[in-house]
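J.: Below is the file entry_24.cif, with mmCIF, C-alpha atoms.
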data_upload
loop_
_atom_site.label_atom_id
_atom_site.label_comp_id
_atom_site.auth_asym_id
_atom_site.auth_seq_id
_atom_site.Cartn_x
_atom_site.Cartn_y
_atom_site.Cartn_z
CA MET D 23 -105.06 73.09 46.00
CA GLN D 24 -106.98 70.83 43.64
CA ASP D 25 -105.21 67.70 42.42
CA ALA D 26 -103.88 67.91 38.88
CA VAL D 27 -105.34 64.42 38.36
CA THR D 28 -109.02 64.54 37.41
CA THR D 29 -111.18 63.00 40.10
CA ALA D 30 -113.95 60.53 39.32
CA ALA D 31 -117.50 61.86 39.31
CA PRO D 32 -119.61 60.76 42.27
CA ALA D 33 -122.67 58.61 41.74
CA ASP D 34 -124.99 61.60 42.16
CA ALA D 35 -123.05 63.90 39.81
CA ALA D 36 -125.95 64.33 37.39
CA GLU D 37 -128.32 65.20 40.21
CA ARG D 38 -125.90 67.79 41.62
CA ARG D 39 -125.47 69.39 38.19
CA SER D 40 -129.21 69.55 37.57
CA LYS D 41 -129.95 72.18 40.21
CA PRO D 42 -131.73 75.23 38.77
CA ALA D 43 -129.83 78.43 38.06
CA VAL D 44 -130.83 81.39 40.22
CA VAL D 45 -130.14 84.98 39.18
CA VAL D 46 -127.89 86.46 41.87
CA TYR D 47 -129.30 89.98 41.75
CA PRO D 48 -132.90 90.04 40.48
CA ASN D 49 -133.08 93.60 39.14
CA ALA D 50 -136.80 94.28 38.91
CA THR D 51 -136.57 96.49 42.00
CA LEU D 52 -133.78 98.72 40.66
CA PRO D 53 -134.72 102.39 40.42
CA SER D 54 -136.66 102.71 37.18
CA VAL D 55 -135.33 104.51 34.13
CA ASP D 56 -137.75 106.88 32.42
CA MET D 57 -136.71 105.89 28.92
CA ALA D 58 -139.65 107.74 27.36
CA MET D 59 -138.37 110.98 28.90
CA LEU D 60 -134.80 110.29 27.80
CA GLN D 61 -135.86 109.37 24.27
CA ALA D 62 -137.82 112.62 24.03
CA ALA D 63 -134.90 114.61 25.46
CA ARG D 64 -132.41 113.17 22.99
CA GLN D 65 -134.52 114.45 20.09
CA SER D 66 -133.57 118.05 20.99
CA LEU D 67 -129.81 117.96 21.40
CA THR D 68 -127.41 120.87 20.99
CA LYS D 69 -123.76 119.96 20.52
CA LEU D 70 -121.46 121.66 23.03
CA ASP D 71 -118.09 120.02 22.53
CA GLU D 72 -116.17 117.36 20.63
CA VAL D 73 -113.05 115.38 21.45
CA ILE D 74 -111.15 113.23 18.95
CA VAL D 75 -109.31 110.31 20.49
CA PRO D 76 -106.29 109.45 18.31
CA PRO D 77 -105.46 105.82 17.50
CA ARG D 78 -103.54 104.04 20.29
CA ASP D 79 -104.08 107.01 22.59
CA GLY D 80 -106.53 108.35 25.13
CA ARG D 81 -108.37 111.59 25.84
CA ALA D 82 -110.49 112.86 28.73
CA PHE D 83 -113.73 114.82 28.56
CA HIS D 84 -116.24 116.44 30.92
CA VAL D 85 -120.00 115.85 30.90
CA PRO D 86 -122.26 117.88 33.20
CA LYS D 87 -125.15 116.03 34.80
CA GLY D 88 -128.29 116.14 32.70
CA HIS D 89 -126.27 116.14 29.45
CA PHE D 90 -125.67 113.45 26.85
CA PHE D 91 -122.43 112.12 25.41
CA ARG D 92 -121.87 109.97 22.38
CA ILE D 93 -118.93 107.79 21.29
CA THR D 94 -118.74 107.37 17.51
CA SER D 95 -116.64 105.35 15.07
CA ILE D 96 -115.47 107.81 12.41
CA GLU D 97 -112.89 106.24 10.09
CA GLY D 98 -112.73 102.48 10.54
CA PRO D 99 -113.61 99.62 12.90
CA GLN D 100 -112.22 100.52 16.31
CA VAL D 101 -112.99 99.57 19.89
CA GLY D 102 -112.57 101.84 22.90
CA ASP D 103 -112.04 101.44 26.63
CA LEU D 104 -114.17 103.79 28.74
CA ASN D 105 -113.61 105.00 32.31
CA LEU D 106 -115.92 107.34 34.25
CA TRP D 107 -115.38 109.29 37.48
CA ASN D 108 -117.39 111.67 39.63
CA THR D 109 -116.01 115.09 38.65
CA ASP D 110 -115.66 116.12 42.30
CA ASP D 111 -114.48 112.80 43.75
CA LEU D 112 -112.25 110.44 41.79
CA SER D 113 -112.80 107.72 44.39
CA GLU D 114 -116.33 107.38 43.03
CA ARG D 115 -115.81 105.69 39.70
CA PHE D 116 -117.46 103.24 37.35
CA PHE D 117 -117.91 99.78 38.94
CA SER D 118 -117.88 97.36 36.02
CA GLY D 119 -118.22 94.25 38.20
CA LYS D 120 -121.37 95.42 39.96
CA THR D 121 -122.77 96.76 36.69
CA ARG D 122 -122.24 93.29 35.21
CA ALA D 123 -123.95 91.68 38.22
CA LEU D 124 -126.93 94.05 38.10
CA HIS D 125 -127.42 93.95 34.32
CA ALA D 126 -125.42 91.52 32.18
CA THR D 127 -121.99 90.75 30.74
CA HIS D 128 -122.73 93.04 27.77
CA LEU D 129 -124.68 96.30 27.99
CA GLY D 130 -127.23 98.02 25.79
CA THR D 131 -129.93 100.67 25.68
CA GLY D 132 -131.61 101.14 29.06
CA ASN D 133 -128.74 99.69 31.09
CA ARG D 134 -126.93 101.92 33.56
CA LEU D 135 -123.29 102.30 34.54
CA TRP D 136 -123.08 102.08 38.35
CA SER D 137 -120.50 103.63 40.65
CA THR D 138 -118.27 102.08 43.27
CA LEU D 139 -119.16 101.45 46.89
CA PRO D 140 -120.22 103.11 49.09
CA SER D 141 -121.99 105.41 46.60
CA LEU D 142 -123.42 102.69 44.32
CA ARG D 143 -125.62 104.93 42.17
CA PRO D 144 -126.14 105.35 38.42
CA MET D 145 -123.41 107.42 36.78
CA ALA D 146 -124.78 107.19 33.25
CA THR D 147 -127.62 105.51 31.36
CA ILE D 148 -127.25 104.12 27.83
CA THR D 149 -129.84 105.92 25.69
CA HIS D 150 -129.04 104.65 22.19
CA ASP D 151 -126.84 102.00 20.57
CA THR D 152 -126.63 101.58 16.80
CA LEU D 153 -125.16 98.09 17.35
CA GLY D 154 -128.16 96.97 19.37
CA TRP D 155 -129.14 94.73 16.45
CA TYR D 156 -126.11 92.45 16.99
CA GLY D 157 -127.41 90.48 19.96
CA TRP D 158 -125.53 87.20 20.45
CA ASP D 159 -123.64 85.45 17.67
CA GLU D 160 -122.98 81.73 17.18
CA ASP D 161 -119.80 81.90 19.26
CA GLY D 162 -121.67 83.47 22.18
CA GLY D 163 -120.13 86.86 21.46
CA GLY D 164 -121.82 90.16 22.21
CA ILE D 165 -121.01 93.89 22.10
CA HIS D 166 -120.02 96.44 24.79
CA ASP D 167 -118.76 94.09 27.49
CA VAL D 168 -118.09 94.63 31.18
CA ILE D 169 -116.02 91.45 31.42
CA GLY D 170 -112.54 92.46 30.32
CA THR D 171 -110.34 94.58 32.53
CA ARG D 172 -108.41 96.66 29.91
CA CYS D 173 -105.09 95.86 28.24
CA ASP D 174 -102.24 97.00 30.46
CA PRO D 175 -98.42 97.07 30.32
CA TYR D 176 -98.01 94.92 33.43
CA THR D 177 -99.92 91.93 32.07
CA ASN D 178 -98.22 92.47 28.72
CA ARG D 179 -94.81 92.20 30.35
CA LEU D 180 -95.95 89.16 32.37
CA LEU D 181 -97.07 87.29 29.26
CA SER D 182 -94.65 88.53 26.61
CA GLY D 183 -91.63 89.81 28.50
CA GLY D 184 -91.80 93.03 26.53
CA ASP D 185 -92.81 96.60 27.26
CA TYR D 186 -95.58 98.41 25.40
CA HIS D 187 -96.53 101.96 26.31
CA HIS D 188 -99.88 102.45 24.56
CA CYS D 189 -102.01 99.89 26.35
CA CYS D 190 -105.45 101.20 27.30
CA HIS D 191 -104.48 101.37 30.98
CA SER D 192 -101.60 103.69 30.16
CA ASN D 193 -103.67 105.74 27.72
CA LEU D 194 -106.39 106.25 30.34
CA ALA D 195 -103.86 107.21 33.02
CA ARG D 196 -102.26 109.80 30.74
CA ALA D 197 -105.67 111.17 29.75
CA LEU D 198 -106.82 111.54 33.35
CA GLY D 199 -103.49 113.04 34.35
CA ALA D 200 -103.79 115.63 31.56
CA ALA D 201 -107.34 116.47 32.68
CA LYS D 202 -106.15 116.99 36.26
CA GLY D 203 -102.89 118.70 35.31
CA VAL D 204 -100.70 116.09 37.03
CA PRO D 205 -98.37 113.30 35.86
CA ALA D 206 -100.08 110.06 34.87
CA ARG D 207 -98.35 108.17 37.69
CA GLU D 208 -100.17 110.35 40.26
CA VAL D 209 -103.62 109.28 39.06
CA GLU D 210 -102.89 105.80 37.72
CA GLN D 211 -104.52 104.20 40.77
CA HIS D 212 -107.84 105.76 39.75
CA VAL D 213 -107.88 103.95 36.38
CA HIS D 214 -110.32 101.06 36.65
CA ASP D 215 -112.00 98.22 34.80
CA VAL D 216 -113.78 99.47 31.73
CA LEU D 217 -116.78 99.35 29.49
CA ASN D 218 -115.32 97.85 26.33
CA VAL D 219 -117.13 100.04 23.82
CA PHE D 220 -117.81 98.34 20.44
CA MET D 221 -115.74 95.29 21.45
CA CYS D 222 -117.15 91.86 20.54
CA THR D 223 -116.34 89.31 23.25
CA GLY D 224 -117.49 86.21 25.04
CA PHE D 225 -116.21 82.98 26.58
CA THR D 226 -115.11 79.92 24.60
CA ARG D 227 -117.43 76.96 25.03
CA ASP D 228 -114.63 74.42 25.57
CA THR D 229 -112.04 76.14 27.79
CA HIS D 230 -114.28 79.02 28.99
CA GLN D 231 -111.57 81.56 28.18
CA TYR D 232 -112.33 85.19 27.46
CA PHE D 233 -112.23 85.74 23.70
CA MET D 234 -112.41 88.68 21.34
CA LYS D 235 -113.35 88.76 17.68
CA ALA D 236 -113.65 91.39 14.96
CA SER D 237 -115.98 94.18 16.06
CA PRO D 238 -118.97 94.79 13.77
CA VAL D 239 -118.64 98.56 14.31
CA ARG D 240 -118.46 100.72 11.20
CA PRO D 241 -118.00 104.47 10.67
CA GLY D 242 -121.15 106.23 11.83
CA ASP D 243 -122.01 103.69 14.52
CA TYR D 244 -122.30 105.13 18.01
CA ILE D 245 -123.30 104.46 21.59
CA GLU D 246 -124.94 107.29 23.54
CA PHE D 247 -125.22 107.97 27.27
CA PHE D 248 -127.10 110.29 29.61
CA ALA D 249 -124.96 111.66 32.45
CA GLU D 250 -126.76 111.14 35.76
CA ILE D 251 -124.05 113.01 37.73
CA ASP D 252 -121.19 115.37 36.79
CA LEU D 253 -118.64 113.19 35.02
CA ILE D 254 -115.06 113.09 33.92
CA GLY D 255 -114.71 110.45 31.24
CA ALA D 256 -111.63 109.02 29.60
CA LEU D 257 -111.60 106.95 26.44
CA SER D 258 -108.75 104.95 24.94
CA ALA D 259 -108.74 103.98 21.26
CA CYS D 260 -107.47 100.45 21.90
CA PRO D 261 -104.19 99.41 20.23
CA GLY D 262 -106.03 96.28 19.13
CA GLY D 263 -108.05 98.23 16.54
CA ASP D 264 -111.15 96.11 15.92
CA CYS D 265 -109.64 93.41 18.21
CA SER D 266 -109.87 90.76 15.50
CA ALA D 267 -106.39 89.39 16.13
CA SER D 268 -104.21 91.12 18.73
CA HIS D 269 -103.86 93.95 21.19
CA SER D 270 -101.04 95.70 23.08
CA SER D 271 -98.96 96.09 19.93
CA ASP D 272 -98.59 98.21 16.82
CA ALA D 273 -99.66 95.33 14.55
CA ALA D 274 -103.38 96.11 14.25
CA ALA D 275 -104.90 98.80 12.05
CA CYS D 276 -106.23 101.47 14.43
CA TYR D 277 -108.55 104.43 13.92
CA PRO D 278 -109.69 107.45 15.94
CA LEU D 279 -112.89 107.67 17.94
CA LYS D 280 -115.05 110.76 18.46
CA VAL D 281 -116.68 111.85 21.71
CA GLU D 282 -119.43 114.48 21.51
CA ILE D 283 -121.13 116.28 24.38
CA PHE D 284 -124.74 117.46 23.99
CA ALA D 285 -127.20 119.55 25.98
CA THR D 286 -130.94 119.10 25.78
CA GLU D 287 -133.84 121.42 26.58
CA PRO D 288 -134.11 121.54 30.41
CA ALA D 289 -137.89 121.39 30.21
CA LEU D 290 -137.60 117.93 28.62
CA LEU D 291 -135.99 116.63 31.82
CA THR D 292 -138.83 117.74 34.09
CA GLY D 293 -139.11 115.27 36.95
CA TRP D 294 -135.54 113.99 36.64
CA THR D 295 -133.17 114.56 39.55
CA PRO D 296 -129.55 113.41 39.89
CA PRO D 297 -129.38 110.19 41.91
CA GLU D 298 -128.25 110.44 45.51
CA ARG D 299 -125.45 108.32 46.92
CA ASN D 300 -126.57 104.95 48.28
CA ALA D 301 -128.57 105.38 51.47
CA TYR D 302 -127.12 102.43 53.39
CA PRO D 303 -126.28 103.72 56.92
CA ARG D 304 -122.55 102.98 57.09
CA THR D 305 -122.36 103.76 60.82
CA HIS D 306 -124.61 100.75 61.46
CA GLY D 307 -122.46 98.35 59.48
CA ALA D 308 -118.89 97.08 59.63
CA GLU D 309 -117.54 100.59 60.20
CA GLY D 310 -119.72 101.17 63.28
#
Take the structure I supplied and represent it as structure tokens, if you would.

T.:
Amino acid sequence: MQDAVTTAAPADAAERRSKPAVVVYPNATLPSVDMAMLQAARQSLTKLDEVIVPPRDGRAFHVPKGHFFRITSIEGPQVGDLNLWNTDDLSERFFSGKTRALHATHLGTGNRLWSTLPSLRPMATITHDTLGWYGWDEDGGGIHDVIGTRCDPYTNRLLSGGDYHHCCHSNLARALGAAKGVPAREVEQHVHDVLNVFMCTGFTRDTHQYFMKASPVRPGDYIEFFAEIDLIGALSACPGGDCSASHSSDAAACYPLKVEIFATEPALLTGWTPPERNAYPRTHGAEG
């Protein structure tokens, strides 16, 4: 355990700090995304379904592979927590940590949402983002992060001593349970770290703590995805509203979110095939 007393810097401290930064996962060799094809395909969309996610609640939805889905702000500034699973195998789910390592702390058009090991394949590709203009603000904040875990009742109790039942974790568990026709407690273990849709976040420059600030999202803004495999999604309309001040409480103004599912003309996806599970030969590794 490190001493509470600050230790003196060694004589070569500046030299040690001056080493160059090296990107951990250079991503130029990732499977390429045919964005021209996807942009053409999204010009011919037919709406198949719509789900309204009430404030401080969650809803699940299904997206067949080769279809698009869109999350839209419809009444006021609101952030959402998104989970994704393989329709046929809940153990294959969105891997926010690896997605962050392969792309960045905040995602945008052209980035992909990757699944858990051992599958490690694209689950969805971001095809459009009306908040793409935001970039990075003066605080170092950006939109759509894969940093935060999701607000949950366990951390809330740890920090506040109180119980709150509409944290995003709980909303997502209830939504998945409803989709599977089982109690939330039976699927809670499948709820995972999220894509924080529309949320504006970063790290403070002094203490390096995770921060949130008012989301720039406005009614009509949306983020759109292409489903690379058959998906179950769940979205929670966060109890923090636009996350400008608080979460895990009824204090913030909260608004619904809309999820829409679209089909495109199959001919526009010529050449696209659903990605296979990762080809690493497991029998030759630690399991062998």

J.: So which one's closest to Leu153 in chain D, D:Leu181, D:Cys222, D:Leu257, D:Ile74? Using all atoms listed in the file, please.

T.: D:Cys222

J.: Any chance you could resolve the PyMOL selection byres ((chain D and resi 269) around 10) against this file and give the residues as JSON, numbers by chain?

T.: {"D": [173, 174, 178, 188, 189, 190, 260, 261, 262, 263, 264, 265, 266, 267, 268, 270, 271, 272, 273, 274]}

J.: Determine the residue membership of the PyMOL selection byres ((chain D and resi 215) around 7) for the file above and supply it as a ChimeraX atom specification.

T.: /D:118,171-172,214,216

J.: List the residues matched by the PyMOL selection byres ((chain D and resi 254) around 9) in the displayed structure as number ranges by chain, ordered by chain and then by residue number.

T.: D: 82-86, 105-110, 112, 198, 201, 252-253, 255-256

J.: Which of these residues is nearest to Glu72 in chain D, using all atoms listed in the file: D:Val209, D:Ala146, D:Val281, D:Val27?

T.: D:Val281

J.: Find the residues near Gly224 in chain D: any atom within 6 Å, counting only C-alpha atoms, skip ones fewer than 3 places away on the same chain, and give them as number ranges by chain.

T.: D: 162-163, 232-233

J.: Using all atoms listed in the file, which residue out of D:Pro297, D:Gly154, D:Gly183, D:Pro175 lies closest to Gly132 in chain D?

T.: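 Smallest separation from Gly132 in chain D among the options: D:Gly154.
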
J.: Do you know which residues are at most 12 Å from Phe225 in chain D counting only C-alpha atoms, after dropping those on the same chain fewer than 4 positions away, and could you put them as a ChimeraX atom specification?

T.: /D:127,158-164,167,169-170,229-235

J.: So, counting all atoms listed in the file, which residue among D:Arg304, D:Arg240, D:His187, D:Arg179 is closest to Glu97 in chain D?

T.: D:Arg240

J.: Quick check, in Å to one decimal: how far apart do CA of Tyr156 in chain D and CA of Val101 in chain D lie?

T.: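 Computing it gives 15.2 Å between the two atoms.
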
J.: So how many Å separate CA of Ser141 in chain D and CA of Asn300 in chain D, to one decimal?

T.: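 CA of Asn300 in chain D lies at a distance of 4.9 Å from CA of Ser141 in chain D.
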
J.: Between D:Ala301, D:Ile251, D:Leu124, D:Ile283, which residue has the minimum interatomic distance to Thr68 in chain D, considering all atoms listed in the file?

T.: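 Ranked by minimum distance to Thr68 in chain D, first place goes to D:Ile283.
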
J.: Tell me which protein, DNA and RNA residues are within 6 Å of Phe248 in chain D, counting only C-alpha atoms, leaving out same-chain ones fewer than 4 positions away, and put them as a list in words.

T.: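 After dropping sequence-adjacent residues, the list is His89, Phe90, Ala146 and Thr147 of chain D.
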